[in-house]
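Trainee: Encoded as structure tokens, here's the structure I'll be asking about.
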Amino acid sequence: MSEILDQARTQVLEGGVGLDEAGVLAVLNLPDEHLTATLQLAHEVRMRWCGPEVEVEGIVSLKTGGCPEDCHFCSQSGLFTSPVRSVWLDIPSLVKAAKQTAATGATEFCIVAAVRGPDARLMKQMREGVAAIKAEVDIQVAASLGMLTQEQVDELVEMGVHRYNHNLETCRSYFPNVVTTHSWEERWETLRMVRESGMEVCSGGILGLGETVEQRAEFAAQLAELDPHEVPLNFLNPRPGTPLGDRPVVEGKDALRAIAAFRLAMPRTILRYAGGREITLGDLGTRDGLLGGINAVIVGNYLTTLGRSATDDLKLLEDLKMPVKALSATL
């Protein structure tokens with residue numbers, strides 16, 4: 001077995017201390033013949049430090065499209081020729097989506113808006129929407145509304161939003177190649193305020209944006225430094241009309257190696273399957289990832305792309321004897 005896996009077995013599995021950037025890079029550079037052993041070790045780490053439960057989440061877009069930022073992977077940017085146009089969701093539709101999410105057994109419902117940061121209209125919509133959901137649905141509400149001010153952070157806490165998602169997207173050194181209308185540091189500052197507010201921090205990103213293997217390791221180390229409660233791991237699903245619309249998808253083996261490496265960097269973190277796994281991994285690879293460090297899934301569709309059906313994901317969890325995390329255990 002590779003020396004880095006021996007080190008990880010002692011340091012991460014037995015000691016609960018994640019690999020540093022150099023260690024993650026060594027895992028990412030392991031040849032294919034070590035992939036099965038790497039996934040097995042990552043699964044052992046997940047089981048030891050997180051347990052067998054899987055957290056299930058649904059997401060819905062409160063405001064879709066028309067975003068003023070130029071994130072090169074995103075079809076919701078108003079600066080590109082992608083077909084997504086600006087749409088707002090009304091409160092009854094929001095409640096309906098939350099009910100449908102809860103019906104799958106999900107404990108988490110995330111409200112997302114394609115904005116640089118929320119304005120007064122969006123905050124009002126959030127306040128009314130969260131109140132309406134809490135009145136009718138037994139589910140936790142998370143939010144992803146872009147960059148925040150301290151006042152907005154405080155307001156979300158007051159509403160009862162318990163987790164905030166704001167992805168760093170990629171490592172600090174590569175970020176300017178992907179986004180030019182705001183900085184990586186601005187995203188980090190929002191996450192700092194969220195953490196200090198007491199809300200749970202959710203931050204991950206997208207693999208396959210053109211970053212090197214070294215930058216992928218840098219990203220894992222930076223997320224580990226942030227120490228988020230949850231890391232959603234996306235794989236680029238190239239969107240027509242965006243600057244990255246012609247990029248190839250991540251190879252399945254590379255995606256699985258990355259899942260294991262991120263688990264070995266963050267042994268106690270919720271590591272969530274997010275967008276792109278369908279085209280990158282398919283059904284068999286999705287199973288392999290759940291046996292390689294993943295312990296949370298987004299069920300159903302994403303914001304602008306189709307996902308696996310909730311029924312398929314829940315059946316897979318049942319087959320793997322991985323219980324869905326109960327709502328009562330997360331409140």
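To be explicit about the labels: the chains of the structure tokens are called A, B, and onward in the order shown, and within each one the residues are counted from 1, while ligands get numbers from 1 in the order they are shown.
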DSSP on the backbone, then: every residue of segment 51-173 of chain A marked strand (DSSP E), written as a ChimeraX atom specification.
Mentor: /A:55-64,87-88,108-113,140-144,163-165
Trainee: Neighbouring residues of Glu55 of chain A were defined as those with any atom within 7 Å, considering only C-alpha atoms; residues of the same chain fewer than 6 positions away were excluded. Please report them as a list in words.
Mentor: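 What passes the distance filter is Asn295, Ala296, Val297, Val324 and Lys325 of chain A.
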Trainee: For the contact check between segment 189-260 of chain A and segment 121-145 of chain A, emit one row per residue of segment 189-260 of chain A within 12 Å, containing the shortest atom pair and the distance in Å rounded to one decimal, counting only C-alpha atoms, chain then rising number order, as a Markdown table.
Mentor:
| residue | atom | partner | partner_atom | distance |
| --- | --- | --- | --- | --- |
| A:Thr190 | CA | A:Leu145 | CA | 10.7 |
| A:Leu191 | CA | A:Ser144 | CA | 11.3 |
| A:Val194 | CA | A:Ala143 | CA | 11.3 |
| A:Met199 | CA | A:Ala142 | CA | 9.4 |
| A:Glu200 | CA | A:Ala142 | CA | 9.0 |
| A:Val201 | CA | A:Ala142 | CA | 10.0 |
| A:Cys202 | CA | A:Ser144 | CA | 9.1 |
| A:Ser203 | CA | A:Ser144 | CA | 10.0 |
| A:Glu230 | CA | A:Ala142 | CA | 11.7 |
Trainee: Could those selected residues go to a file with C-alpha atoms, as a PDB file, in the first residue's frame?
Mentor:
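Output file result02.pdb follows:
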ATOM      1  CA  THR A 190     -18.886  36.491   4.326  1.00  0.00           C
ATOM      2  CA  LEU A 191     -18.068  33.023   5.645  1.00  0.00           C
ATOM      3  CA  VAL A 194     -21.544  33.593   9.187  1.00  0.00           C
ATOM      4  CA  MET A 199     -25.050  29.789  11.835  1.00  0.00           C
ATOM      5  CA  GLU A 200     -23.529  26.623  10.425  1.00  0.00           C
ATOM      6  CA  VAL A 201     -21.080  27.229   7.573  1.00  0.00           C
ATOM      7  CA  CYS A 202     -21.548  25.409   4.276  1.00  0.00           C
ATOM      8  CA  SER A 203     -18.832  26.009   1.693  1.00  0.00           C
ATOM      9  CA  GLU A 230     -20.564  21.019   5.349  1.00  0.00           C
TER      10      GLU A 230
END
Trainee: Using only C-alpha atoms, pick whichever of A:Thr36, A:Asn165, A:Ser93, A:Ser197 has the shortest atom-to-atom distance to Leu291 of chain A.
Mentor: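 Closest residue, counting only C-alpha atoms: A:Thr36.
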Trainee: In segment 40-257 of chain A, what's helix (DSSP H, G or I) per DSSP? Answer as an NGL selection string?
Mentor: :A and (40-49 or 91-103 or 120-136 or 150-159 or 175-177 or 184-197 or 213-226 or 252-257)
Trainee: Find the residue from A:Gly205, A:Gly289, A:Gly241, A:Pro267 that sits nearest to Gly16 of chain A; use only C-alpha atoms when measuring.
Mentor: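 Counting only C-alpha atoms, the residue closest to Gly16 of chain A is A:Pro267.
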Trainee: May I ask which of the residues A:Val179, A:Val299, A:Leu223, A:Ala217 is the closest one to Phe73 of chain A, counting only C-alpha atoms?
Mentor: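 That would be A:Val179, the residue with the smallest distance to Phe73 of chain A.
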Trainee: Taking only C-alpha atoms into account, which of A:Leu226, A:Met193, A:Ala97, A:Cys50 comes nearest Asp154 of chain A?
Mentor: A:Met193
Trainee: What gap, in Å, lies between atom CA of Gly15 of chain A and atom CA of Phe262 of chain A?
Mentor: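 Pair atom CA of Gly15 of chain A / atom CA of Phe262 of chain A returns 16.5 Å.
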Trainee: Just to confirm, what's the straight-line distance from atom CA of Gly252 of chain A to atom CA of Leu209 of chain A in Å (one decimal)?
Mentor: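 These two atoms are separated by 15.1 Å.
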Trainee: From the list A:Leu244, A:Ala103, A:Leu233, A:Val27, which residue is nearest Glu169 of chain A when using only C-alpha atoms?
Mentor: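 So, comparing all the options, the nearest one is A:Leu233.
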Trainee: Smallest atom-to-atom distance to Leu264 of chain A: which of A:Glu211, A:Glu189, A:Glu14, A:Glu278, using only C-alpha atoms?
Mentor: A:Glu14
Trainee: If we count only C-alpha atoms and set the cut-off at 9 Å, which residues sit around Gly293 of chain A, ignoring sequence neighbours fewer than 5 positions away in its own chain? Please answer as a compact mmCIF listing (two decimals) with C-alpha atoms, in the first residue's frame.
Mentor:
# COMPACT_ATOMS: atom_id res chain seq x y z
CA LEU A 39 -11.81 4.81 -1.26
CA GLN A 40 -11.96 2.07 1.38
CA LEU A 41 -9.81 4.12 3.75
CA ALA A 42 -11.87 7.26 3.16
CA HIS A 43 -15.03 5.25 3.91
CA GLU A 44 -13.51 3.98 7.16
CA VAL A 45 -12.65 7.58 8.11
CA ARG A 46 -16.20 8.71 7.34
CA MET A 47 -17.72 5.85 9.37
CA ILE A 259 -13.81 12.67 -2.99
CA ALA A 260 -11.50 10.42 -0.98
CA ALA A 261 -8.80 13.10 -0.73
CA PHE A 262 -11.26 15.74 0.52
CA ARG A 263 -12.54 13.26 3.13
CA LEU A 264 -8.98 12.56 4.28
CA PRO A 267 -12.52 13.72 8.52
CA LEU A 271 -19.16 15.93 2.55
